[in-house]
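Peer 1: Compact mmCIF, C-alpha atoms, saved as structure.txt, coming up:
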```
# COMPACT_ATOMS: atom_id res chain seq x y z
CA MET A 10 70.60 -47.27 9.61
CA GLY A 11 69.56 -47.82 13.25
CA ASP A 12 66.09 -48.56 14.60
CA SER A 13 65.05 -44.96 14.50
CA VAL A 14 64.08 -43.26 11.25
CA PRO A 15 63.47 -39.51 11.32
CA GLY A 16 59.74 -38.88 11.08
CA ILE A 17 58.93 -42.58 11.32
CA GLY A 18 60.03 -43.42 14.87
CA ASN A 19 61.13 -46.59 16.58
CA PRO A 20 58.22 -49.09 16.92
CA PRO A 21 59.83 -51.24 19.67
CA SER A 22 60.29 -48.15 21.86
CA VAL A 23 56.53 -47.52 21.62
CA ALA A 24 55.60 -51.18 22.12
CA ASN A 25 57.93 -51.40 25.13
CA LEU A 26 56.23 -48.45 26.79
CA ALA A 27 52.83 -50.11 26.41
CA SER A 28 54.24 -53.38 27.69
CA ALA A 29 55.75 -51.70 30.78
CA GLY A 30 52.41 -50.02 31.42
CA GLN A 31 50.61 -53.35 31.24
CA ASP A 32 53.15 -54.91 33.62
CA SER A 33 52.54 -52.07 36.04
CA ILE A 34 48.79 -52.68 35.88
CA THR A 35 49.29 -56.39 36.53
CA THR A 36 51.41 -55.59 39.59
CA LEU A 37 48.84 -53.13 40.90
CA GLU A 38 46.01 -55.63 40.35
CA LYS A 39 47.82 -58.21 42.49
CA LEU A 40 48.50 -55.67 45.25
CA ASP A 41 44.91 -54.49 45.08
CA ALA A 42 43.58 -58.04 45.36
CA GLN A 43 45.87 -58.75 48.32
CA ALA A 44 44.93 -55.56 50.15
CA ASN A 45 41.25 -56.10 49.48
CA SER A 46 41.49 -59.65 50.74
CA ASP A 47 43.14 -58.44 53.95
CA VAL A 48 40.46 -55.83 54.49
CA MET A 49 37.64 -58.29 53.83
CA SER A 50 39.11 -60.82 56.24
CA THR A 51 39.15 -58.20 59.00
CA VAL A 52 35.98 -56.17 58.38
CA PRO A 53 33.38 -56.89 59.68
CA ASP A 54 34.16 -60.22 61.40
CA ARG A 55 37.03 -58.92 63.51
CA TRP A 56 36.17 -55.26 63.34
CA GLY A 57 32.52 -54.38 63.37
CA GLY A 58 30.38 -51.48 64.50
CA GLU A 59 29.83 -48.08 62.96
CA SER A 60 33.46 -47.08 62.47
CA ALA A 61 34.20 -50.34 60.65
CA GLY A 62 31.12 -49.81 58.51
CA MET A 63 32.28 -46.31 57.57
CA PHE A 64 35.76 -47.62 56.86
CA GLY A 65 34.31 -50.35 54.66
CA ARG A 66 32.41 -47.79 52.59
CA PHE A 67 35.46 -45.56 52.35
CA TRP A 68 37.62 -48.49 51.33
CA GLY A 69 35.12 -49.38 48.61
CA ARG A 70 35.30 -45.86 47.23
CA TYR A 71 39.09 -45.90 47.28
CA MET A 72 39.22 -49.27 45.56
CA ARG A 73 36.82 -48.08 42.85
CA CYS A 74 39.05 -45.09 42.24
CA PHE A 75 42.11 -47.34 42.12
CA GLY A 76 40.30 -49.73 39.78
CA THR A 77 39.29 -46.90 37.47
CA TYR A 78 42.89 -45.78 37.22
CA ARG A 79 44.02 -49.30 36.31
CA SER A 80 41.25 -49.71 33.76
CA ASP A 81 42.03 -46.33 32.15
CA THR A 82 45.72 -47.13 32.03
CA ALA A 83 45.05 -50.54 30.49
CA THR A 84 42.91 -48.89 27.80
CA TRP A 85 45.72 -46.44 27.05
CA CYS A 86 48.26 -49.27 26.87
CA ARG A 87 46.13 -51.13 24.34
CA ALA A 88 45.85 -48.01 22.19
CA ILE A 89 49.61 -47.46 22.40
CA THR A 90 50.15 -51.10 21.39
CA ARG A 91 47.97 -50.56 18.31
CA ALA A 92 49.91 -47.41 17.50
CA ALA A 93 53.15 -49.38 17.75
CA GLU A 94 51.73 -51.91 15.28
CA THR A 95 50.83 -49.12 12.85
CA MET A 96 54.32 -47.70 13.25
CA ALA A 97 55.81 -51.13 12.54
CA LYS A 98 53.79 -51.22 9.31
CA ALA A 99 55.16 -47.78 8.45
CA LYS A 100 58.65 -49.05 8.95
CA GLU A 101 57.96 -52.12 6.84
CA GLN A 102 56.59 -49.90 4.11
CA LEU A 103 59.67 -47.73 4.30
CA GLY A 104 61.86 -50.85 4.04
CA ALA A 105 60.03 -51.87 0.85
CA ALA A 106 60.41 -48.36 -0.54
CA ARG A 107 64.10 -48.43 0.32
CA GLN A 108 64.49 -51.74 -1.47
CA PHE A 109 62.78 -50.25 -4.52
CA THR A 110 64.95 -47.14 -4.52
CA ASP A 111 68.14 -49.16 -4.09
CA ASP A 112 67.16 -51.39 -7.02
CA LYS A 113 66.30 -48.44 -9.23
CA GLY A 114 69.35 -46.30 -8.57
CA LEU A 115 67.50 -43.88 -6.32
CA VAL A 116 68.29 -42.57 -2.88
CA ILE A 117 66.11 -41.57 0.10
CA ARG A 118 67.42 -38.47 1.85
CA ASP A 119 67.21 -38.05 5.62
CA ASP A 120 64.17 -35.81 5.15
CA LEU A 121 62.47 -38.72 3.29
CA VAL A 122 62.64 -37.09 -0.12
CA VAL A 123 63.53 -39.46 -2.99
CA GLU A 124 65.97 -38.41 -5.67
CA ALA A 125 67.84 -40.14 -8.50
CA ARG A 126 71.53 -40.79 -8.20
CA ASP A 127 71.73 -39.88 -11.87
CA GLY A 128 69.07 -37.34 -12.76
CA ASN A 129 69.89 -37.56 -16.47
CA ARG A 130 69.05 -41.22 -16.70
CA PRO A 131 66.04 -41.90 -18.97
CA GLY A 132 62.83 -42.47 -16.99
CA ALA A 133 64.43 -41.17 -13.78
CA ALA A 134 61.55 -38.81 -13.02
CA ASP A 135 58.97 -41.63 -13.18
CA LEU A 136 61.10 -43.84 -10.95
CA VAL A 137 61.56 -41.02 -8.45
CA ALA A 138 57.80 -40.49 -8.42
CA ALA A 139 57.17 -44.20 -7.82
CA GLY A 140 59.81 -44.31 -5.10
CA GLN A 141 58.43 -41.19 -3.45
CA GLN A 142 54.96 -42.75 -3.51
CA GLY A 143 56.24 -45.68 -1.47
CA VAL A 144 58.04 -43.41 0.98
CA ASP A 145 54.98 -41.18 1.34
CA ALA A 146 52.82 -44.23 2.09
CA ALA A 147 55.23 -45.07 4.91
CA ARG A 148 55.12 -41.49 6.13
CA ARG A 149 51.29 -41.51 6.12
CA LEU A 150 51.27 -44.66 8.24
CA ALA A 151 53.78 -43.07 10.62
CA ARG A 152 51.60 -39.99 10.95
CA GLN A 153 48.59 -42.22 11.53
CA SER A 154 50.51 -43.95 14.30
CA GLN A 155 51.45 -40.63 15.88
CA GLN A 156 47.84 -39.49 15.68
CA GLU A 157 46.74 -42.69 17.39
CA ILE A 158 49.16 -41.90 20.21
CA ARG A 159 47.93 -38.29 20.42
CA ASP A 160 44.30 -39.45 20.58
CA ALA A 161 45.12 -42.05 23.23
CA ASN A 162 47.06 -39.47 25.24
CA LYS A 163 44.22 -36.96 25.07
CA GLU A 164 41.68 -39.47 26.32
CA TYR A 165 44.02 -40.78 29.02
CA GLN A 166 44.94 -37.24 30.11
CA GLU A 167 41.28 -36.45 30.75
CA LYS A 168 40.78 -39.65 32.70
CA VAL A 169 43.93 -39.12 34.76
CA ALA A 170 42.74 -35.59 35.57
CA LYS A 171 39.38 -36.96 36.72
CA THR A 172 40.99 -39.64 38.88
CA ARG A 173 43.36 -37.02 40.24
CA GLU A 174 40.36 -34.92 41.32
CA ASP A 175 38.83 -37.92 43.02
CA MET A 176 42.11 -38.64 44.76
CA VAL A 177 42.35 -35.06 46.01
CA THR A 178 38.95 -35.51 47.66
CA ILE A 179 40.00 -38.83 49.13
CA GLY A 180 43.35 -37.34 50.15
CA MET A 181 41.66 -34.50 51.99
CA THR A 182 39.73 -37.05 53.98
CA LEU A 183 42.73 -39.21 54.62
CA PHE A 184 45.42 -36.66 55.31
CA GLY A 185 43.16 -34.50 57.41
CA ALA A 186 42.75 -37.43 59.76
CA ARG A 187 44.82 -37.84 62.87
CA ALA A 188 47.74 -40.21 62.49
CA GLY A 189 48.04 -43.11 64.88
CA ARG A 190 50.87 -43.61 67.32
CA ARG A 191 53.02 -45.23 64.67
CA GLY A 192 52.98 -42.13 62.46
CA ARG A 193 53.94 -44.06 59.33
CA LEU A 194 55.71 -42.03 56.65
CA THR A 195 54.11 -41.53 53.27
CA VAL A 196 56.11 -41.52 50.06
CA ALA A 197 55.77 -37.74 50.06
CA GLU A 198 57.20 -37.53 53.55
CA LYS A 199 60.07 -39.78 52.60
CA ALA A 200 60.73 -37.66 49.52
CA TYR A 201 60.68 -34.62 51.78
CA GLU A 202 63.68 -35.67 53.80
CA GLY A 203 66.64 -33.47 53.01
CA THR A 204 64.75 -31.05 50.76
CA VAL A 205 64.14 -27.34 51.29
CA ARG A 206 60.56 -26.23 51.75
CA ILE A 207 59.13 -22.73 51.87
CA PRO A 208 55.66 -22.26 53.38
CA LYS A 209 53.06 -20.92 51.00
CA ALA A 210 52.24 -17.22 51.41
CA ASN A 211 48.66 -17.88 52.48
CA ARG A 212 49.68 -20.21 55.33
CA GLY A 213 51.32 -17.65 57.61
CA GLU A 214 53.57 -14.64 57.84
CA TRP A 215 57.23 -13.85 58.30
CA VAL A 216 57.29 -12.00 61.61
CA ARG A 217 61.00 -11.45 61.13
CA GLY A 218 63.34 -11.74 58.15
CA ASP A 219 62.89 -14.36 55.46
CA PRO A 220 63.68 -18.06 54.87
CA ASN A 221 67.37 -17.26 54.82
CA ASP A 222 67.30 -15.90 58.35
CA GLY A 223 63.92 -15.32 59.87
CA MET A 224 60.95 -16.41 61.88
CA TRP A 225 57.69 -17.66 60.38
CA LYS A 226 54.37 -17.81 62.17
CA PRO A 227 51.56 -19.93 60.74
CA ASN A 228 48.06 -18.49 60.64
CA ARG A 229 46.86 -21.60 62.40
CA PRO A 230 49.69 -22.80 64.64
CA GLU A 231 47.66 -25.80 65.73
CA GLU A 232 47.72 -27.12 62.17
CA TYR A 233 51.49 -27.25 62.47
CA GLY A 234 51.39 -28.92 65.86
CA LEU A 235 52.53 -25.69 67.51
CA GLN A 236 51.28 -24.08 70.71
CA TRP A 237 51.95 -20.71 72.28
CA PRO A 238 54.55 -19.63 73.31
CA LYS A 239 56.40 -21.85 70.82
CA ASP A 240 54.10 -21.05 67.92
CA THR A 241 56.75 -19.89 65.45
CA ILE A 242 59.39 -21.63 63.35
CA THR A 243 62.89 -20.26 62.93
CA TRP A 244 64.48 -20.51 59.49
CA ASN A 245 68.15 -20.46 58.63
CA GLU A 246 69.54 -20.59 55.11
CA GLY A 247 66.23 -21.72 53.67
CA VAL A 248 65.76 -24.59 56.12
CA PRO A 249 63.49 -24.72 59.18
CA ASN A 250 65.52 -24.93 62.36
CA LEU A 251 63.38 -26.96 64.75
CA ARG A 252 65.84 -26.91 67.68
CA GLU A 253 63.35 -25.21 69.99
CA HIS A 254 60.76 -27.85 69.08
CA THR A 255 62.96 -30.90 69.62
CA VAL A 256 61.93 -33.53 72.12
CA PRO A 257 62.77 -32.00 75.53
CA PRO A 258 65.51 -33.62 77.63
CA GLU A 259 62.98 -34.72 80.25
CA HIS A 260 61.36 -36.91 77.60
CA MET A 261 64.67 -38.36 76.42
CA PRO A 262 65.63 -41.62 78.22
CA ASP A 263 69.12 -40.25 78.90
CA GLY A 264 67.92 -36.75 79.83
CA ARG A 265 69.99 -35.16 77.08
CA SER A 266 69.18 -33.06 74.02
CA GLY A 267 67.10 -34.25 71.07
CA VAL A 268 69.52 -32.53 68.70
CA LEU A 269 71.93 -34.98 67.10
CA ASP A 270 74.87 -33.11 65.62
CA ASP A 271 78.28 -34.06 64.24
CA LEU A 272 76.68 -37.03 62.53
CA ARG A 273 78.59 -38.59 59.66
CA GLY A 274 77.31 -40.39 56.59
CA LEU A 275 73.98 -38.58 56.20
CA ASN A 276 72.88 -38.58 52.58
CA GLY A 277 69.27 -37.41 52.71
CA LYS A 278 67.94 -40.93 52.23
CA TYR A 279 65.34 -41.92 54.76
CA ARG A 280 66.60 -45.42 55.51
CA ASN A 281 70.26 -44.44 55.73
CA ASP A 282 69.81 -41.35 57.88
CA TYR A 283 67.25 -42.84 60.23
CA GLY A 284 69.58 -45.81 60.70
CA ILE A 285 72.47 -43.53 61.64
CA ALA A 286 70.37 -41.50 64.06
CA ASP A 287 68.78 -44.54 65.68
CA GLY A 288 72.27 -45.98 66.08
CA GLU A 289 73.48 -42.77 67.72
CA LEU A 290 70.61 -42.76 70.21
CA ALA A 291 71.00 -46.48 70.81
CA ALA A 292 74.58 -45.84 71.92
CA ARG A 293 73.42 -43.03 74.20
CA PHE A 294 70.52 -44.96 75.73
CA GLY A 295 72.25 -48.34 75.95
CA TRP A 296 69.50 -49.81 73.75
CA THR A 297 69.45 -51.52 70.37
CA PRO A 298 68.63 -49.42 67.28
CA GLU A 299 65.43 -51.45 66.92
CA GLN A 300 64.40 -50.46 70.45
CA VAL A 301 65.07 -46.82 69.62
CA ALA A 302 62.98 -47.09 66.45
CA ALA A 303 60.13 -48.66 68.39
CA TRP A 304 60.38 -45.96 71.07
CA ARG A 305 60.33 -43.23 68.42
CA GLN A 306 57.35 -44.71 66.64
CA SER A 307 55.36 -45.29 69.79
CA ASN A 308 55.88 -41.62 70.72
CA ASP A 309 55.47 -40.35 67.14
CA TYR A 310 58.94 -38.80 67.06
CA VAL A 311 60.68 -38.26 63.72
CA TYR A 312 64.03 -36.88 62.62
CA HIS A 313 64.18 -33.50 60.93
CA HIS A 314 67.07 -32.91 58.56
CA TYR A 315 68.60 -29.62 59.54
CA SER A 316 72.00 -29.96 57.90
CA ASN A 317 74.21 -32.62 56.39
CA SER A 318 75.49 -33.41 59.88
CA GLU A 319 72.57 -32.53 62.14
CA LEU A 320 69.24 -34.24 62.72
CA GLN A 321 66.67 -32.92 65.17
CA LEU A 322 64.32 -35.34 66.92
CA VAL A 323 60.91 -33.68 66.82
CA PRO A 324 57.27 -34.69 67.29
CA GLY A 325 55.74 -35.92 64.04
CA ARG A 326 52.82 -33.52 64.54
CA ILE A 327 55.21 -30.63 63.91
CA HIS A 328 57.26 -32.25 61.17
CA ARG A 329 54.48 -33.70 59.05
CA PRO A 330 52.64 -30.46 58.17
CA LEU A 331 55.93 -28.92 57.04
CA ALA A 332 56.61 -31.96 54.93
CA HIS A 333 53.56 -31.28 52.80
CA GLU A 334 54.68 -27.87 51.61
CA GLY A 335 57.01 -26.87 48.86
CA SER A 336 59.58 -28.38 46.54
CA THR A 337 59.50 -32.15 46.14
CA THR A 338 56.18 -32.75 47.80
CA ASP A 339 54.50 -30.14 45.63
CA LEU A 340 55.12 -32.48 42.75
CA LEU A 341 53.08 -35.07 44.55
CA TRP A 342 50.42 -33.03 46.32
CA PRO A 343 50.14 -29.67 44.56
CA MET B 9 27.82 -58.45 70.83
CA SER B 10 24.91 -56.16 69.95
CA ASP B 11 24.75 -54.10 66.74
CA GLY B 12 27.53 -56.22 65.26
CA PHE B 13 30.02 -54.37 67.42
CA VAL B 14 33.23 -56.32 67.68
CA VAL B 15 36.86 -55.31 67.54
CA ASP B 16 39.99 -57.42 67.48
CA LEU B 17 42.65 -54.74 67.91
CA ASP B 18 45.49 -57.03 66.86
CA ALA B 19 43.68 -57.88 63.64
CA VAL B 20 43.15 -54.19 62.85
CA THR B 21 46.80 -53.46 63.61
CA ARG B 22 47.88 -56.33 61.35
CA LEU B 23 45.69 -54.91 58.59
CA ALA B 24 47.33 -51.50 59.08
CA ASP B 25 50.77 -53.12 58.92
CA THR B 26 49.91 -54.94 55.71
CA LEU B 27 48.61 -51.83 53.99
CA ALA B 28 51.63 -49.80 55.06
CA GLU B 29 53.98 -52.51 53.77
CA GLN B 30 52.33 -52.39 50.36
CA GLN B 31 53.04 -48.69 50.00
CA GLN B 32 56.47 -49.09 48.48
CA ALA B 33 55.42 -51.77 46.03
CA VAL B 34 52.57 -49.62 44.79
CA ALA B 35 54.75 -46.50 44.62
CA THR B 36 57.48 -48.18 42.59
CA SER B 37 55.17 -50.02 40.22
CA GLY B 38 55.27 -47.16 37.72
CA GLY B 39 59.09 -46.99 37.60
CA PRO B 40 59.66 -49.22 34.54
CA MET B 41 57.03 -47.25 32.64
CA ARG B 42 58.92 -44.02 33.24
CA GLN B 43 62.17 -45.63 32.13
CA ARG B 44 60.58 -46.84 28.89
CA ALA B 45 59.03 -43.43 28.35
CA ASP B 46 62.51 -41.90 28.53
CA ARG B 47 63.52 -44.03 25.54
CA LEU B 48 60.35 -43.40 23.57
CA ASP B 49 60.77 -42.42 19.91
CA THR B 50 57.55 -41.78 18.00
CA GLY B 51 59.30 -39.84 15.27
CA ASP B 52 57.89 -36.60 16.70
CA PRO B 53 59.93 -35.08 19.56
CA THR B 54 56.99 -32.98 20.71
CA LEU B 55 54.80 -36.06 20.99
CA ASP B 56 57.59 -37.86 22.83
CA ALA B 57 57.78 -35.05 25.39
CA GLU B 58 53.99 -34.92 25.74
CA THR B 59 53.82 -38.67 26.34
CA ARG B 60 56.64 -38.56 28.89
CA ALA B 61 54.84 -35.82 30.79
CA LEU B 62 51.64 -37.87 30.79
CA VAL B 63 53.44 -40.97 32.04
CA ALA B 64 55.04 -38.88 34.81
CA GLU B 65 51.64 -37.52 35.79
CA ALA B 66 50.16 -40.99 35.90
CA GLY B 67 53.17 -42.07 37.98
CA ASN B 68 52.50 -39.30 40.47
CA LEU B 69 48.93 -40.49 40.70
CA VAL B 70 50.18 -43.96 41.60
CA ILE B 71 52.28 -42.38 44.36
CA ARG B 72 49.11 -40.77 45.65
CA PHE B 73 47.48 -44.18 45.77
CA ALA B 74 50.52 -45.46 47.64
CA ASP B 75 50.37 -42.57 50.09
CA ALA B 76 46.71 -43.30 50.63
CA PHE B 77 47.63 -46.84 51.74
CA VAL B 78 49.80 -45.34 54.47
CA ALA B 79 47.24 -42.73 55.44
CA ILE B 80 44.61 -45.46 55.73
CA ALA B 81 47.03 -47.47 57.86
CA ASN B 82 47.61 -44.42 60.06
CA GLY B 83 43.85 -44.03 60.42
CA LEU B 84 43.53 -47.66 61.49
CA ASP B 85 46.32 -47.15 64.02
CA ALA B 86 44.50 -44.11 65.33
CA ALA B 87 41.30 -46.13 65.65
CA VAL B 88 43.15 -48.79 67.64
CA ASP B 89 44.67 -46.08 69.84
CA SER B 90 41.24 -44.65 70.49
CA TYR B 91 39.81 -47.99 71.51
CA ARG B 92 42.73 -48.57 73.84
CA SER B 93 42.64 -45.11 75.40
CA TYR B 94 38.87 -45.24 75.97
CA ASP B 95 39.26 -48.67 77.51
CA ALA B 96 42.05 -47.41 79.79
CA GLU B 97 39.96 -44.37 80.71
CA ALA B 98 36.99 -46.54 81.60
CA ALA B 99 39.23 -48.84 83.64
CA ALA B 100 40.65 -45.83 85.50
CA ARG B 101 37.15 -44.67 86.41
CA TYR B 102 36.22 -48.09 87.73
CA ARG B 103 39.47 -48.11 89.68
CA GLU B 104 38.56 -44.78 91.25
CA LEU B 105 35.13 -46.08 92.14
CA THR B 106 36.63 -49.21 93.64
CA ASN B 107 39.12 -47.21 95.70
CA ALA B 108 36.42 -44.81 96.83
CA GLN B 109 34.29 -47.62 98.18
CA PRO B 110 36.55 -50.10 99.94
CA GLY B 111 35.13 -53.55 99.98
CA THR B 112 33.00 -52.99 96.90
CA ARG B 113 33.70 -55.41 94.11
CA VAL B 114 33.18 -54.43 90.51
CA GLY B 115 32.47 -57.11 87.92
```
Any chance you could put this one into structure tokens?

Peer 2:
Amino acid sequence: MGDSVPGIGNPPSVANLASAGQDSITTLEKLDAQANSDVMSTVPDRWGGESAGMFGRFWGRYMRCFGTYRSDTATWCRAITRAAETMAKAKEQLGAARQFTDDKGLVIRDDLVVEARDGNRPGAADLVAAGQQGVDAARRLARQSQQEIRDANKEYQEKVAKTREDMVTIGMTLFGARAGRRGRLTVAEKAYEGTVRIPKANRGEWVRGDPNDGMWKPNRPEEYGLQWPKDTITWNEGVPNLREHTVPPEHMPDGRSGVLDDLRGLNGKYRNDYGIADGELAARFGWTPEQVAAWRQSNDYVYHHYSNSELQLVPGRIHRPLAHEGSTTDLLWP
Amino acid sequence: MSDGFVVDLDAVTRLADTLAEQQQAVATSGGPMRQRADRLDTGDPTLDAETRALVAEAGNLVIRFADAFVAIANGLDAAVDSYRSYDAEAAARYRELTNAQPGTRVG
């Protein structure tokens, strides 16, 4: 028989989960300490005044939230470790019961019911009862272990929900803020690349057609970095076509279009596709790809995936709001 | 300076860079936990699924923390930009004043 017993479970699989959780907490603690050290070495000695003071208070709130998450996760991991120990006892108990049944000419069925190999043997009923008692003791321990996991999950679920609420508040503060010139990409934005996003119904209206072939106008164009007369977004086959919003030729160092088509090797991965596009522009401009990347970042230009062979260079102020709607990013910021 | 007002723009930019660099490490820290959750066997498939969902939810929360690092870095970049643009604006005004009054020295 393998590690797993129906109804009893596999103790190492439970212990390994707790162990991985604890490792994750240890990693986060180190990163937290490093980040906090960097902040403390900058604020207030090299960045003072009111804005630094506000930042310091905000940072403290964020760190408390982060710390609470780690503490809650550590508590859950300890409970899961205890549950794994209980499950290991259940398995030990089942091993002893199995030894007993083997010795006494009994068998334990897959559904953990004990029966005699020879039911006519004298005293078989008593032996079956004794064997079943041992198996039931193992099953009770297994159930206790499962209940310990359920209890730990319930408590952790509530704490995660609370932290999630706090993070939504913090996120509203953070993501409502203007991005700097570098326009760094969040994980959500990176996940967005190459995915299809449909604006939520309350964010605007389809002035023509639908996402397959249409034009969408946001209720608040400015929130999407749009200005009249270019305050709509064209959609083709479920993907926003930002051609009319690409960086204009007069802002391109070679005076040509910001649409990069006939590209090969795009795979929807941020690093790969940005590398290809930067390389393409580097060849056009007579620059290095690193110079192109620096130019893009200093102007807050990003690439929009339009197809598997076309990227559109657009201002980040237009691309970013779209990135926070629909599909993949909804998993992260519902 | 008065009121504790001091700003070393390079130091703030370095801080922003550091926080942004940590994003990926924070975001991926929950990966092994998800992998272990996929192999979880408590003896109750429903409990396994419930636990996996919880681990995934916690993982998404970690990604939010990671995103916050970047958003904070973006905010710091924006603060640096503001300082620079106000400084350039002030310099431009002094330049105008200087040009308007030939022979007048400022500073």

Peer 1: Give me, as a short mmCIF file (atom, residue, chain, number, x, y, z; two decimals) with C-alpha atoms, in the frame of the given file, all polymer residues having an atom no more than 9 Å from segment 12-24 of chain B, counting all atoms listed in the file and skipping those fewer than 5 positions away in the same chain.

Peer 2:
```cif
data_model
loop_
_atom_site.label_atom_id
_atom_site.label_comp_id
_atom_site.auth_asym_id
_atom_site.auth_seq_id
_atom_site.Cartn_x
_atom_site.Cartn_y
_atom_site.Cartn_z
CA ALA A 44 44.93 -55.56 50.15
CA ASP A 47 43.14 -58.44 53.95
CA VAL A 48 40.46 -55.83 54.49
CA THR A 51 39.15 -58.20 59.00
CA VAL A 52 35.98 -56.17 58.38
CA PRO A 53 33.38 -56.89 59.68
CA ASP A 54 34.16 -60.22 61.40
CA ARG A 55 37.03 -58.92 63.51
CA TRP A 56 36.17 -55.26 63.34
CA GLY A 57 32.52 -54.38 63.37
CA GLY A 58 30.38 -51.48 64.50
CA GLU A 59 29.83 -48.08 62.96
CA ALA A 61 34.20 -50.34 60.65
CA GLU B 29 53.98 -52.51 53.77
CA PHE B 77 47.63 -46.84 51.74
CA VAL B 78 49.80 -45.34 54.47
CA ILE B 80 44.61 -45.46 55.73
CA ALA B 81 47.03 -47.47 57.86
CA ASN B 82 47.61 -44.42 60.06
CA GLY B 83 43.85 -44.03 60.42
CA LEU B 84 43.53 -47.66 61.49
CA ASP B 85 46.32 -47.15 64.02
CA ALA B 87 41.30 -46.13 65.65
CA VAL B 88 43.15 -48.79 67.64
CA TYR B 91 39.81 -47.99 71.51
CA ARG B 92 42.73 -48.57 73.84
#
```

Peer 1: Taking only C-alpha atoms into account, which of A:Ala133, A:Leu150, A:Ala88, A:Ile17 comes nearest Lys163 of chain A?

Peer 2: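 Checking each of A:Ala133, A:Leu150, A:Ala88, A:Ile17 against Lys163 of chain A, counting only C-alpha atoms, the winner is A:Ala88.
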
Peer 1: Can you tell me, as a list in words, what residues are no more than 6 Å from Ala74 of chain B when counting all atoms listed in the file, ignoring any on the same chain fewer than 4 positions away?

Peer 2: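 Near Ala74 of chain B, the qualifying residues are Gln31, Val34 and Ala35 of chain B.
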
Peer 1: Between atom CA of Ala76 of chain B and atom CA of Asn45 of chain A, what is the spacing in Å?

Peer 2: 14.0 Å

Peer 1: So which residues fall inside 12 Å of (56.3, -40.9, 13.3) if we count only C-alpha atoms? Mind giving them as a VMD selection string?

Peer 2: (chain A and resid 13 to 20 22 to 23 92 to 93 95 to 100 103 121 147 to 159) or (chain B and resid 48 to 56)

Peer 1: In Å to one decimal, how far is atom CA of Gln108 of chain A from atom CA of Gly132 of chain A?

Peer 2: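 For atom CA of Gly132 of chain A relative to atom CA of Gln108 of chain A, the distance reads 18.2 Å.
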
Peer 1: Give me, as an MDAnalysis selection string, all polymer residues having an atom no more than 12 Å from Pro131 of chain A, counting all atoms listed in the file and skipping those fewer than 5 positions away in the same chain.

Peer 2: chainID A and resid 113:114 125 136:137

Peer 1: Store the residues of this selection in a file with C-alpha atoms, as an mmCIF file, keeping the file's coordinate frame.

Peer 2:
```cif
data_model
loop_
_atom_site.group_PDB
_atom_site.id
_atom_site.type_symbol
_atom_site.label_atom_id
_atom_site.label_comp_id
_atom_site.auth_asym_id
_atom_site.auth_seq_id
_atom_site.Cartn_x
_atom_site.Cartn_y
_atom_site.Cartn_z
ATOM 1 C CA LYS A 113 66.300 -48.440 -9.230
ATOM 2 C CA GLY A 114 69.350 -46.300 -8.570
ATOM 3 C CA ALA A 125 67.840 -40.140 -8.500
ATOM 4 C CA LEU A 136 61.100 -43.840 -10.950
ATOM 5 C CA VAL A 137 61.560 -41.020 -8.450
#
```

Peer 1: Atom CA of Asp287 of chain A and atom CA of Glu299 of chain A, how far apart in Å?

Peer 2: 7.8 Å

Peer 1: Hey, which of A:Ile117, A:Gly128, A:Arg273, A:Leu26 ends up closest to Arg60 of chain B? Count only C-alpha atoms.

Peer 2: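 Closest to Arg60 of chain B of all the choices is A:Leu26.
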
Peer 1: I'd like to know which of A:Glu231, A:Asp135, A:Asp127, A:Glu174 is closest to chain B, using all atoms listed in the file.

Peer 2: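 Between A:Glu231, A:Asp135, A:Asp127, A:Glu174, the residue approaching chain B most closely is A:Glu174.
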
Peer 1: Since the input is missing atoms for segment 32-40 of chain B, could you rebuild it with N, CA and C atoms and give the result as a PDB file, keeping the file's coordinate frame?

Peer 2:
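What landed in out29.pdb:
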```
ATOM      1  N   GLN B  32      55.309 -49.195  49.345  1.00  0.00           N
ATOM      2  CA  GLN B  32      56.470 -49.090  48.480  1.00  0.00           C
ATOM      3  C   GLN B  32      56.271 -49.822  47.155  1.00  0.00           C
ATOM      4  N   ALA B  33      55.648 -51.000  47.260  1.00  0.00           N
ATOM      5  CA  ALA B  33      55.420 -51.770  46.030  1.00  0.00           C
ATOM      6  C   ALA B  33      54.500 -51.020  45.081  1.00  0.00           C
ATOM      7  N   VAL B  34      53.486 -50.393  45.644  1.00  0.00           N
ATOM      8  CA  VAL B  34      52.570 -49.620  44.790  1.00  0.00           C
ATOM      9  C   VAL B  34      53.319 -48.423  44.198  1.00  0.00           C
ATOM     10  N   ALA B  35      54.072 -47.734  45.058  1.00  0.00           N
ATOM     11  CA  ALA B  35      54.750 -46.500  44.620  1.00  0.00           C
ATOM     12  C   ALA B  35      55.753 -46.760  43.507  1.00  0.00           C
ATOM     13  N   THR B  36      56.423 -47.906  43.573  1.00  0.00           N
ATOM     14  CA  THR B  36      57.480 -48.180  42.590  1.00  0.00           C
ATOM     15  C   THR B  36      56.970 -48.887  41.339  1.00  0.00           C
ATOM     16  N   SER B  37      55.695 -49.239  41.346  1.00  0.00           N
ATOM     17  CA  SER B  37      55.170 -50.020  40.220  1.00  0.00           C
ATOM     18  C   SER B  37      55.231 -49.254  38.894  1.00  0.00           C
ATOM     19  N   GLY B  38      55.239 -47.941  38.959  1.00  0.00           N
ATOM     20  CA  GLY B  38      55.270 -47.160  37.720  1.00  0.00           C
ATOM     21  C   GLY B  38      56.680 -46.870  37.210  1.00  0.00           C
ATOM     22  N   GLY B  39      57.699 -47.296  37.969  1.00  0.00           N
ATOM     23  CA  GLY B  39      59.090 -46.990  37.600  1.00  0.00           C
ATOM     24  C   GLY B  39      59.490 -47.453  36.206  1.00  0.00           C
ATOM     25  N   PRO B  40      59.260 -48.743  35.871  1.00  0.00           N
ATOM     26  CA  PRO B  40      59.660 -49.220  34.540  1.00  0.00           C
ATOM     27  C   PRO B  40      58.978 -48.446  33.407  1.00  0.00           C
TER      28      PRO B  40
END
```
